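Undergrad: mmCIF, C-alpha atoms, saved as my_file-v2.cif, coming up:
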data_work
#
loop_
_atom_site.label_atom_id
_atom_site.label_comp_id
_atom_site.auth_asym_id
_atom_site.auth_seq_id
_atom_site.Cartn_x
_atom_site.Cartn_y
_atom_site.Cartn_z
CA MET A 1 24.50 -28.00 -1.92
CA ALA A 2 22.40 -28.36 1.24
CA ASP A 3 19.69 -25.83 1.95
CA VAL A 4 20.49 -23.01 4.36
CA THR A 5 18.87 -23.56 7.76
CA ARG A 6 17.51 -21.20 10.39
CA GLU A 7 20.05 -22.59 12.88
CA GLN A 8 22.94 -21.68 10.56
CA VAL A 9 21.66 -18.13 10.27
CA LEU A 10 21.19 -17.70 14.02
CA GLU A 11 24.66 -19.12 14.71
CA LYS A 12 26.20 -16.53 12.37
CA LEU A 13 24.13 -13.74 13.91
CA ARG A 14 25.50 -14.62 17.36
CA GLY A 15 28.69 -13.02 16.10
CA VAL A 16 26.98 -9.62 15.81
CA ARG A 17 27.29 -7.60 19.01
CA GLY A 18 24.28 -5.86 20.57
CA PRO A 19 23.48 -2.14 20.33
CA ASP A 20 25.93 -1.19 23.12
CA MET A 21 28.53 -3.89 22.31
CA ASP A 22 27.10 -5.97 25.15
CA GLY A 23 26.23 -9.58 24.28
CA ASN A 24 24.96 -10.57 20.84
CA ILE A 25 21.70 -9.77 19.04
CA VAL A 26 20.41 -13.37 19.14
CA ASP A 27 20.89 -14.07 22.83
CA MET A 28 19.51 -10.60 23.65
CA GLY A 29 16.26 -11.58 21.91
CA LEU A 30 16.48 -8.83 19.30
CA VAL A 31 16.17 -11.06 16.22
CA SER A 32 12.72 -11.91 14.88
CA ASP A 33 11.71 -15.25 13.44
CA VAL A 34 14.03 -16.03 10.55
CA PHE A 35 12.29 -16.78 7.26
CA ILE A 36 14.13 -18.49 4.40
CA SER A 37 12.72 -18.75 0.88
CA ASP A 38 14.53 -19.56 -2.36
CA SER A 39 17.89 -19.30 -0.52
CA LYS A 40 17.08 -15.73 0.55
CA VAL A 41 16.93 -14.86 4.24
CA TYR A 42 14.53 -12.39 5.87
CA PHE A 43 14.41 -11.18 9.46
CA SER A 44 14.29 -8.03 11.54
CA ILE A 45 16.13 -6.61 14.53
CA THR A 46 14.22 -4.85 17.29
CA VAL A 47 15.84 -1.60 18.47
CA PRO A 48 14.67 1.49 20.37
CA ALA A 49 12.82 3.76 17.92
CA GLU A 50 14.85 6.82 18.90
CA ARG A 51 18.10 5.00 18.05
CA ALA A 52 17.06 3.61 14.68
CA ARG A 53 19.26 5.88 12.57
CA GLU A 54 22.24 5.44 14.87
CA LEU A 55 21.95 1.64 14.81
CA ASP A 56 21.64 1.16 11.05
CA PRO A 57 25.28 -0.09 10.94
CA LEU A 58 24.15 -2.95 13.21
CA ARG A 59 21.52 -3.90 10.62
CA ALA A 60 24.12 -3.71 7.86
CA ALA A 61 26.53 -5.92 9.85
CA ALA A 62 23.83 -8.56 10.38
CA GLU A 63 22.96 -8.52 6.69
CA ARG A 64 26.62 -8.86 5.74
CA VAL A 65 27.34 -11.91 7.92
CA VAL A 66 24.24 -13.70 6.65
CA LYS A 67 25.13 -13.02 3.01
CA ASP A 68 28.53 -14.64 3.68
CA ILE A 69 26.88 -17.98 4.53
CA PRO A 70 27.53 -20.47 1.69
CA GLY A 71 24.34 -21.00 -0.31
CA VAL A 72 22.67 -17.72 0.69
CA LYS A 73 21.65 -15.74 -2.40
CA GLY A 74 20.53 -12.62 -0.57
CA ALA A 75 19.34 -11.16 2.72
CA MET A 76 16.74 -8.58 3.67
CA VAL A 77 17.08 -7.17 7.17
CA ALA A 78 14.81 -4.51 8.68
CA LEU A 79 15.01 -2.54 11.90
CA THR A 80 11.76 -2.54 13.85
CA ALA A 81 10.72 -0.90 17.10
CA ASP A 82 8.07 -2.02 19.53
CA LYS A 83 5.68 0.88 20.15
CA LYS A 84 5.58 -0.15 23.81
CA GLY A 85 9.35 0.28 23.97
CA THR A 86 10.13 -3.30 25.00
CA ALA A 87 13.05 -4.33 22.85
CA SER A 88 13.00 -7.85 24.30
CA SER A 89 9.32 -8.55 23.61
CA ALA A 90 8.39 -11.72 21.78
CA PRO A 91 9.52 -11.66 18.16
CA VAL A 92 6.98 -11.76 15.36
CA GLN A 93 7.07 -13.20 11.89
CA ARG A 94 8.48 -10.91 9.24
CA PRO A 95 7.14 -10.57 5.72
CA ALA A 96 8.05 -13.29 3.23
CA ALA A 97 9.50 -10.84 0.77
CA ALA A 98 12.53 -10.99 -1.46
CA PRO A 99 15.12 -8.23 -1.81
CA SER A 100 15.11 -5.93 -4.81
CA ARG A 101 16.49 -7.63 -7.85
CA PRO A 102 19.54 -6.20 -9.58
CA GLY A 103 18.69 -3.78 -12.30
CA HIS A 104 15.47 -2.46 -10.77
CA ALA A 105 15.36 1.30 -10.95
CA HIS A 106 15.00 3.16 -7.66
CA ALA A 107 12.12 5.58 -7.33
CA GLY A 108 13.08 9.16 -7.96
CA HIS A 109 16.26 8.42 -9.95
CA SER A 110 16.45 9.24 -13.63
CA HIS A 111 19.24 9.52 -16.14
CA ALA A 112 18.72 11.97 -18.97
CA PRO A 113 20.48 11.31 -22.29
CA ALA A 114 23.35 13.55 -23.29
CA SER A 115 21.21 15.23 -25.96
CA GLY A 116 18.99 16.76 -23.26
CA GLN A 117 15.91 15.15 -24.72
CA ARG A 118 13.36 13.69 -22.34
CA PRO A 119 14.01 9.93 -22.02
CA THR A 120 11.32 7.44 -22.88
CA PRO A 121 10.09 5.94 -19.60
CA PRO A 122 10.56 2.18 -19.28
CA LYS A 123 7.48 0.04 -19.81
CA LYS A 124 5.80 -0.82 -16.51
CA SER A 125 5.10 -4.51 -16.11
CA GLY A 126 1.58 -5.45 -15.07
CA ILE A 127 0.34 -8.15 -12.73
CA PRO A 128 -0.80 -11.42 -14.32
CA GLY A 129 -4.57 -11.80 -14.08
CA VAL A 130 -5.17 -8.27 -12.80
CA GLY A 131 -6.98 -5.81 -15.06
CA ALA A 132 -6.96 -2.20 -13.89
CA ILE A 133 -4.99 -0.94 -10.89
CA ILE A 134 -6.50 2.11 -9.18
CA ALA A 135 -4.70 4.11 -6.49
CA VAL A 136 -6.68 5.88 -3.77
CA ALA A 137 -4.59 8.70 -2.34
CA SER A 138 -4.68 11.80 -0.19
CA GLY A 139 -2.29 14.65 0.48
CA LYS A 140 -2.59 14.29 4.24
CA GLY A 141 -3.77 11.83 6.87
CA GLY A 142 -7.05 11.96 8.71
CA VAL A 143 -9.33 12.49 5.72
CA GLY A 144 -10.82 8.98 5.69
CA LYS A 145 -8.82 7.66 2.74
CA SER A 146 -8.61 4.04 3.94
CA THR A 147 -12.33 3.93 4.76
CA THR A 148 -12.99 5.34 1.29
CA SER A 149 -10.67 2.74 -0.28
CA VAL A 150 -12.46 -0.17 1.41
CA ASN A 151 -15.94 1.05 0.57
CA LEU A 152 -14.93 1.94 -3.00
CA ALA A 153 -13.58 -1.60 -3.46
CA LEU A 154 -16.78 -3.10 -2.04
CA ALA A 155 -18.87 -0.79 -4.22
CA LEU A 156 -16.96 -1.89 -7.33
CA LYS A 157 -17.66 -5.49 -6.31
CA ALA A 158 -21.34 -4.68 -5.70
CA ASN A 159 -21.41 -3.26 -9.23
CA GLY A 160 -20.43 -6.68 -10.58
CA LEU A 161 -16.62 -6.64 -10.71
CA LYS A 162 -13.98 -9.01 -9.31
CA VAL A 163 -11.99 -6.86 -6.90
CA GLY A 164 -8.88 -7.00 -4.72
CA ILE A 165 -7.40 -4.41 -2.38
CA LEU A 166 -3.74 -3.79 -1.52
CA ASP A 167 -2.87 -1.90 1.65
CA ALA A 168 0.22 0.05 0.55
CA ASP A 169 0.66 1.84 3.87
CA ILE A 170 3.74 0.05 5.24
CA TYR A 171 3.94 2.13 8.41
CA GLY A 172 0.24 2.26 9.29
CA PRO A 173 -1.63 -0.66 7.68
CA SER A 174 -5.37 -0.54 8.41
CA MET A 175 -6.96 -3.21 6.20
CA PRO A 176 -6.85 -6.01 8.82
CA ARG A 177 -8.96 -3.90 11.17
CA LEU A 178 -11.25 -2.34 8.54
CA LEU A 179 -12.04 -5.72 6.99
CA LYS A 180 -11.93 -7.74 10.24
CA ILE A 181 -9.23 -10.13 9.01
CA SER A 182 -6.71 -11.80 11.29
CA GLY A 183 -4.04 -14.45 10.88
CA ARG A 184 -1.11 -14.88 8.51
CA PRO A 185 -1.34 -15.43 4.75
CA GLU A 186 -0.45 -18.87 3.42
CA GLN A 187 2.63 -19.36 1.28
CA ILE A 188 1.92 -21.53 -1.76
CA GLU A 189 4.08 -22.69 -4.66
CA GLY A 190 7.42 -20.94 -5.03
CA ARG A 191 7.50 -17.54 -3.37
CA MET A 192 3.83 -16.80 -3.99
CA ILE A 193 1.55 -15.82 -1.12
CA LYS A 194 -2.17 -16.47 -1.05
CA PRO A 195 -4.08 -13.25 -0.27
CA MET A 196 -6.46 -13.04 2.67
CA GLU A 197 -10.17 -12.65 1.91
CA ASN A 198 -13.37 -11.22 3.40
CA TYR A 199 -16.60 -9.77 2.00
CA GLY A 200 -15.59 -11.23 -1.36
CA LEU A 201 -12.45 -9.05 -1.58
CA LYS A 202 -8.94 -10.45 -1.95
CA VAL A 203 -6.71 -8.50 0.43
CA MET A 204 -2.99 -8.06 1.09
CA SER A 205 -1.47 -5.88 3.81
CA MET A 206 1.73 -5.58 5.78
CA GLY A 207 -0.60 -5.77 8.78
CA PHE A 208 -0.97 -9.52 8.13
CA LEU A 209 2.79 -9.99 8.36
CA VAL A 210 3.71 -8.00 11.48
CA ASP A 211 2.04 -7.52 14.85
CA GLU A 212 -0.09 -4.41 15.32
CA GLU A 213 2.14 -3.17 18.16
CA VAL A 214 5.31 -3.23 16.05
CA ALA A 215 6.50 -0.06 14.33
CA MET A 216 8.26 -0.50 11.00
CA ILE A 217 11.54 1.38 10.54
CA TRP A 218 12.23 0.89 6.85
CA ARG A 219 14.11 3.08 4.43
CA GLY A 220 12.99 3.92 0.90
CA PRO A 221 14.48 0.96 -1.02
CA MET A 222 13.00 -1.52 1.48
CA ILE A 223 9.55 0.08 1.16
CA GLN A 224 9.87 -0.11 -2.63
CA SER A 225 10.85 -3.78 -2.49
CA ALA A 226 8.06 -4.73 -0.07
CA LEU A 227 5.40 -2.97 -2.13
CA LEU A 228 6.43 -4.54 -5.40
CA GLN A 229 6.48 -7.98 -3.80
CA MET A 230 3.03 -7.51 -2.25
CA LEU A 231 1.87 -6.73 -5.77
CA ARG A 232 3.75 -9.29 -7.85
CA GLU A 233 4.38 -12.18 -5.47
CA VAL A 234 0.75 -12.53 -4.35
CA ALA A 235 -1.58 -14.98 -6.10
CA TRP A 236 -4.32 -12.46 -6.88
CA GLY A 237 -5.99 -14.70 -9.46
CA ASP A 238 -8.31 -13.09 -12.01
CA LEU A 239 -9.36 -9.58 -10.96
CA ASP A 240 -11.09 -6.84 -12.92
CA VAL A 241 -9.64 -4.21 -10.63
CA LEU A 242 -7.13 -3.92 -7.81
CA VAL A 243 -7.68 -0.96 -5.48
CA VAL A 244 -4.48 0.29 -3.81
CA ASP A 245 -4.91 2.15 -0.53
CA MET A 246 -1.92 4.50 -0.65
CA PRO A 247 -0.28 6.01 2.42
CA PRO A 248 -0.92 9.75 2.85
CA GLY A 249 1.51 12.21 1.31
CA THR A 250 3.92 11.98 -1.60
CA GLY A 251 6.82 9.83 -0.38
CA ASP A 252 8.66 6.66 -1.43
CA ALA A 253 5.59 4.41 -1.55
CA GLN A 254 3.67 6.80 -3.78
CA LEU A 255 6.58 7.28 -6.16
CA THR A 256 7.19 3.53 -6.37
CA MET A 257 3.57 2.88 -7.28
CA ALA A 258 3.40 5.76 -9.74
CA GLN A 259 6.70 5.07 -11.49
CA GLN A 260 6.85 1.26 -11.56
CA VAL A 261 3.23 0.08 -11.64
CA PRO A 262 0.87 0.59 -14.62
CA LEU A 263 -1.80 2.51 -12.72
CA ALA A 264 -5.07 3.01 -14.60
CA GLY A 265 -5.58 6.15 -12.56
CA ALA A 266 -5.76 7.73 -9.13
CA VAL A 267 -8.68 8.81 -6.96
CA ILE A 268 -7.90 11.70 -4.61
CA VAL A 269 -9.73 11.89 -1.27
CA SER A 270 -10.06 15.24 0.51
CA THR A 271 -12.27 16.96 3.04
CA PRO A 272 -13.86 20.32 2.19
CA GLN A 273 -11.61 22.61 4.23
CA ASP A 274 -8.80 24.62 2.67
CA LEU A 275 -5.97 22.91 4.57
CA ALA A 276 -6.85 19.45 3.27
CA LEU A 277 -7.27 20.80 -0.25
CA ILE A 278 -3.82 22.39 -0.18
CA ASP A 279 -2.33 18.96 0.58
CA ALA A 280 -4.58 17.26 -1.97
CA ARG A 281 -3.13 19.52 -4.66
CA LYS A 282 0.33 18.10 -3.91
CA GLY A 283 -0.95 14.59 -4.58
CA LEU A 284 -2.63 15.70 -7.78
CA ALA A 285 0.56 17.39 -8.94
CA MET A 286 2.63 14.26 -8.24
CA PHE A 287 0.37 11.95 -10.24
CA ARG A 288 0.26 14.39 -13.15
CA LYS A 289 4.05 14.72 -13.10
CA VAL A 290 4.48 10.97 -13.48
CA GLU A 291 1.68 10.82 -16.09
CA VAL A 292 -0.86 8.86 -14.05
CA PRO A 293 -4.44 9.89 -14.94
CA VAL A 294 -6.37 11.51 -12.09
CA LEU A 295 -9.81 9.88 -12.18
CA GLY A 296 -11.28 12.51 -9.89
CA ILE A 297 -11.75 13.86 -6.38
CA VAL A 298 -14.00 12.53 -3.62
CA GLU A 299 -15.14 14.98 -0.93
CA ASN A 300 -15.22 12.94 2.26
CA MET A 301 -16.84 14.19 5.50
CA SER A 302 -18.67 16.55 3.21
CA TYR A 303 -21.48 17.36 5.66
CA PHE A 304 -23.04 16.05 8.86
CA ILE A 305 -26.65 14.95 9.29
CA ALA A 306 -27.77 15.09 12.93
CA PRO A 307 -29.20 11.65 13.78
CA ASP A 308 -31.87 13.10 16.11
CA THR A 309 -33.21 16.00 14.02
CA GLY A 310 -32.02 15.21 10.49
CA ALA A 311 -30.59 18.74 10.27
CA ARG A 312 -27.55 19.19 8.04
CA TYR A 313 -24.36 20.86 9.28
CA ASP A 314 -21.35 21.79 7.13
CA ILE A 315 -18.80 21.20 9.88
CA PHE A 316 -15.74 21.45 7.62
CA GLY A 317 -17.30 23.81 5.10
CA HIS A 318 -18.80 22.36 1.95
CA GLY A 319 -18.09 22.15 -1.75
CA GLY A 320 -14.36 22.88 -1.54
CA ALA A 321 -13.36 19.67 -3.31
CA ARG A 322 -15.95 20.21 -6.05
CA LYS A 323 -14.60 23.72 -6.69
CA GLU A 324 -11.04 22.44 -6.69
CA ALA A 325 -11.94 19.73 -9.22
CA GLU A 326 -13.53 22.32 -11.47
CA ARG A 327 -10.56 24.65 -11.09
CA ILE A 328 -7.98 22.07 -12.17
CA GLY A 329 -10.17 20.29 -14.69
CA VAL A 330 -10.62 16.82 -13.16
CA PRO A 331 -13.92 15.04 -12.50
CA PHE A 332 -15.70 15.52 -9.19
CA LEU A 333 -16.74 12.02 -8.18
CA GLY A 334 -19.12 12.72 -5.32
CA GLU A 335 -19.71 13.61 -1.68
CA ILE A 336 -19.64 11.26 1.30
CA PRO A 337 -21.28 12.61 4.48
CA LEU A 338 -19.80 12.41 7.95
CA THR A 339 -21.99 9.91 9.78
CA MET A 340 -21.77 7.89 12.96
CA GLY A 341 -22.62 4.80 10.92
CA ILE A 342 -19.48 5.00 8.79
CA ARG A 343 -17.28 5.40 11.87
CA GLU A 344 -18.97 2.60 13.79
CA THR A 345 -18.93 0.11 10.92
CA SER A 346 -15.29 0.93 10.11
CA ASP A 347 -14.20 0.43 13.73
CA ALA A 348 -16.11 -2.86 13.85
CA GLY A 349 -14.56 -4.19 10.62
CA THR A 350 -17.99 -4.29 8.92
CA PRO A 351 -17.78 -1.63 6.16
CA VAL A 352 -20.99 0.21 5.46
CA VAL A 353 -21.26 -0.92 1.81
CA ALA A 354 -21.09 -4.56 2.99
CA CYS A 355 -23.37 -4.37 6.02
CA GLU A 356 -25.84 -1.66 4.90
CA PRO A 357 -25.89 -2.02 1.10
CA ASP A 358 -29.16 -0.11 0.63
CA SER A 359 -28.29 2.88 2.80
CA PRO A 360 -27.89 6.35 1.21
CA VAL A 361 -24.16 6.31 2.02
CA SER A 362 -23.67 2.94 0.30
CA LYS A 363 -25.53 4.21 -2.74
CA ALA A 364 -23.19 7.23 -2.82
CA TYR A 365 -20.16 4.93 -2.81
CA ARG A 366 -21.68 2.83 -5.60
CA GLU A 367 -22.28 5.94 -7.71
CA ILE A 368 -18.66 6.99 -7.19
CA ALA A 369 -17.50 3.47 -8.12
CA ALA A 370 -19.58 3.58 -11.30
CA LYS A 371 -18.01 6.91 -12.33
CA VAL A 372 -14.52 5.60 -11.63
CA TRP A 373 -15.04 2.41 -13.62
CA GLU A 374 -16.64 4.32 -16.49
CA GLN A 375 -13.49 6.42 -16.81
CA VAL A 376 -11.17 3.42 -16.58
CA SER A 377 -13.17 1.56 -19.24
CA ALA A 378 -13.22 4.60 -21.54
CA SER A 379 -9.46 5.01 -21.15
CA GLU A 380 -8.88 1.34 -22.05
CA LYS A 381 -11.06 1.72 -25.17
CA ASP A 382 -9.14 4.83 -26.22
CA ALA A 383 -5.85 2.97 -25.78
CA SER A 384 -7.05 0.05 -27.89
CA ARG A 385 -8.25 2.40 -30.64
CA ALA A 386 -4.82 4.04 -30.66
CA MET A 387 -3.13 0.72 -31.50
CA PRO A 388 -2.29 0.35 -35.20
CA ASN A 389 -4.20 -2.19 -37.24
CA ILE A 390 -2.20 -4.42 -39.57
CA VAL A 391 -4.16 -5.34 -42.68
CA PHE A 392 -3.04 -8.14 -45.04
CA GLU A 393 -4.22 -7.76 -48.63
#
Please render this file's structure as C-alpha cells.

TA:
Amino acid sequence: MADVTREQVLEKLRGVRGPDMDGNIVDMGLVSDVFISDSKVYFSITVPAERARELDPLRAAAERVVKDIPGVKGAMVALTADKKGTASSAPVQRPAAAPSRPGHAHAGHSHAPASGQRPTPPKKSGIPGVGAIIAVASGKGGVGKSTTSVNLALALKANGLKVGILDADIYGPSMPRLLKISGRPEQIEGRMIKPMENYGLKVMSMGFLVDEEVAMIWRGPMIQSALLQMLREVAWGDLDVLVVDMPPGTGDAQLTMAQQVPLAGAVIVSTPQDLALIDARKGLAMFRKVEVPVLGIVENMSYFIAPDTGARYDIFGHGGARKEAERIGVPFLGEIPLTMGIRETSDAGTPVVACEPDSPVSKAYREIAAKVWEQVSASEKDASRAMPNIVFE
C-alpha cells in the first residue's frame, strides 16, 4: 500500500466546512503544516480563542475524515489560536507526536476492585538511558519555578552529572527563551526526535515545535499524549538525571507525570509569603497522594540585597518556606535571593549558574542541587537494599 501523502490529507480536509459554514478549512488557511509519521497524521486548526469550545466539533470532523483515508493508522488534531487574533496568519509546524495508544490509562481515572481493597498501581515504565527523573513544581505561577528548574539542572551538571531538562508546560513553554535556543528539533530514525542542546544540557520543549505567538488549546488527553511523547520519543541518550519543569498548579500535566512516570521525587518552589505557601501545600498534597517523594522546598525570592548599599530587605517576608517544610516534615533545600542578576541573565537566555558560576547565587543553586541528588541517591540505595537476594547453596 502506498504511503499517505500530505496532498491526500489536504484534499480530504477541503471537505470540512469553515467555522461559520463558509468555505473550507484548507482554502481559508486554517490548517497548519501537515506532518505524517508512521502512517499517523498530525496537524492543527487555527480558530478564535473565544470560540475554541464551540468549535471542537470542527476539530472532531477533521480528525474523522483524515482517519477514513486508506492507510491512515491514526490522527491527532489540535485547535490553536493566534494570540494576535489573526486566524489566517501563516501556519506553523506542529509537534511530531503520536496519538495515545490504546490501553493507556487516562490520568485521574481508577477502577477499584469489587472487594473494596486498594488496587495495586501499574508499574510505571522508565525512559531508556535516563536515570532519575526529578519534577520541579509550584502551586502557583510567578514564583520563579522555571528559572529555578534551569539553574538547578545546570547546577546538577556543574556537580558532575549528565543532565537533561524537559519543559512540561504545554501552554507556556519557557525553555527556548531561558536557554537561548531557537530552531526545530531534528527527527531521526523512526519517530524519535533529537533533543536541542545548550550549556551542556539536552532540552525538549513544546516551544521548539510551535511559534511563540501561538496559543495552544489542548484538552487533557492531548496534553497527556504530548507529554509522554516528549519523554519517550526523544533520543535523550545516557543521562544521570532529567529535570522536568512542571507547569504551575495541579492539573492534567502534573497528574500525567505523577501517575505514569517513575519520578524519583519532586522539588517544590515557593516564595516566602503566605499566599504562595497556601498554593505550594496543594502541590505537596498532590505528590504525596500519588506517592511521589517530596525532595524538599526551595524558597525563591527569599530576600533582596540592594546593589548600591548591600542592605538586605525581606520584600516578601522571610523564612515562610523553611517553617512550612519543618511543619510538614520535608527537607528545606535552601534560599535563593531576589537579585537583578538572576532576572537579567534569565531574560538574556544566559542562566546565572552558566554565566556566573562562582557567584554567591550560583553557589546556592549548587548546594541545593547537592542536597537533591543526595536524597535521590539515598532513595535508590534503599530501594536496592529492599530487593530480595537469591542465594544458591

Undergrad: Can you work out the spacing between CA of Val353 (chain A) and CA of Leu284 (chain A) in Å, to one decimal?

TA: 26.7 Å

Undergrad: So the first atom is CA of Leu209 (chain A) and the second is CA of Leu178 (chain A); what is the distance between them in Å, to one decimal place?

TA: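 According to the coordinates, CA of Leu209 (chain A) and CA of Leu178 (chain A) are separated by 16.0 Å.
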
Undergrad: Quick one, how far is CA of Leu10 (chain A) from CA of Val31 (chain A)?

TA: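 For CA of Leu10 (chain A) relative to CA of Val31 (chain A), the distance reads 8.6 Å.
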
Undergrad: Exactly which residues make up the result of the PyMOL selection byres ((chain A and resi 325) around 12) on this file, given as a PyMOL selection string?

TA: chain A and resi 267-270+272+277+280-281+284+294-299+319-324+326-334

Undergrad: Which one of A:Lys282, A:Arg288, A:Arg64, A:Lys202 sits closest to Gly265 (chain A) if you count all atoms listed in the file?

TA: A:Arg288

Undergrad: Fewer than 6 positions away in the same chain doesn't count, so skip those; otherwise give me all residues within 10 Å of Gly200 (chain A), counting all atoms listed in the file, as a PyMOL selection string.

TA: chain A and resi 154+157-158+162-164+354

Undergrad: Could you check which of A:Val234, A:Lys12, A:Ser146, A:Gly126 is closest to Val261 (chain A), using all atoms listed in the file?

TA: A:Gly126

Undergrad: Tell me which residues the PyMOL selection byres ((chain A and resi 186) around 12) grabs here, as a list in words.

TA: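 Going through the file, the PyMOL selection byres ((chain A and resi 186) around 12) ends up selecting Pro95, Ala96, Gly183, Arg184, Pro185, Gln187, Ile188, Glu189, Gly190, Arg191, Met192, Ile193, Lys194, Pro195, Met196, Glu197, Met204, Phe208, Leu209, Val234 and Ala235 of chain A.
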
Undergrad: Could you take the residues named above and write them with C-alpha atoms, as a PDB file, keeping the file's coordinate frame?

TA:
ATOM      1  CA  PRO A  95       7.140 -10.570   5.720  1.00  0.00           C
ATOM      2  CA  ALA A  96       8.050 -13.290   3.230  1.00  0.00           C
ATOM      3  CA  GLY A 183      -4.040 -14.450  10.880  1.00  0.00           C
ATOM      4  CA  ARG A 184      -1.110 -14.880   8.510  1.00  0.00           C
ATOM      5  CA  PRO A 185      -1.340 -15.430   4.750  1.00  0.00           C
ATOM      6  CA  GLN A 187       2.630 -19.360   1.280  1.00  0.00           C
ATOM      7  CA  ILE A 188       1.920 -21.530  -1.760  1.00  0.00           C
ATOM      8  CA  GLU A 189       4.080 -22.690  -4.660  1.00  0.00           C
ATOM      9  CA  GLY A 190       7.420 -20.940  -5.030  1.00  0.00           C
ATOM     10  CA  ARG A 191       7.500 -17.540  -3.370  1.00  0.00           C
ATOM     11  CA  MET A 192       3.830 -16.800  -3.990  1.00  0.00           C
ATOM     12  CA  ILE A 193       1.550 -15.820  -1.120  1.00  0.00           C
ATOM     13  CA  LYS A 194      -2.170 -16.470  -1.050  1.00  0.00           C
ATOM     14  CA  PRO A 195      -4.080 -13.250  -0.270  1.00  0.00           C
ATOM     15  CA  MET A 196      -6.460 -13.040   2.670  1.00  0.00           C
ATOM     16  CA  GLU A 197     -10.170 -12.650   1.910  1.00  0.00           C
ATOM     17  CA  MET A 204      -2.990  -8.060   1.090  1.00  0.00           C
ATOM     18  CA  PHE A 208      -0.970  -9.520   8.130  1.00  0.00           C
ATOM     19  CA  LEU A 209       2.790  -9.990   8.360  1.00  0.00           C
ATOM     20  CA  VAL A 234       0.750 -12.530  -4.350  1.00  0.00           C
ATOM     21  CA  ALA A 235      -1.580 -14.980  -6.100  1.00  0.00           C
TER      22      ALA A 235
END

Undergrad: Rank nothing, just name the residue among A:Ile170, A:Ile45, A:Gln8, A:Met246 nearest to Ile25 (chain A), using only C-alpha atoms.

TA: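 Result for the nearest residue to Ile25 (chain A): A:Ile45.
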
Undergrad: Determine, counting all atoms listed in the file, which protein, DNA and RNA residues have an atom within 8 Å of an atom of Val72 (chain A); residues of the same chain fewer than 6 positions away are not included. Present the result as a PyMOL selection string.

TA: chain A and resi 4+39-41+66

Undergrad: Go through A:Ala226, A:Met175, A:Thr5, A:Asn159 one by one, measure the shortest atom-to-atom distance of each to Ala78 (chain A) using all atoms listed in the file, and give the residue with the smallest value.

TA: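 That would be A:Ala226, the residue with the smallest distance to Ala78 (chain A).
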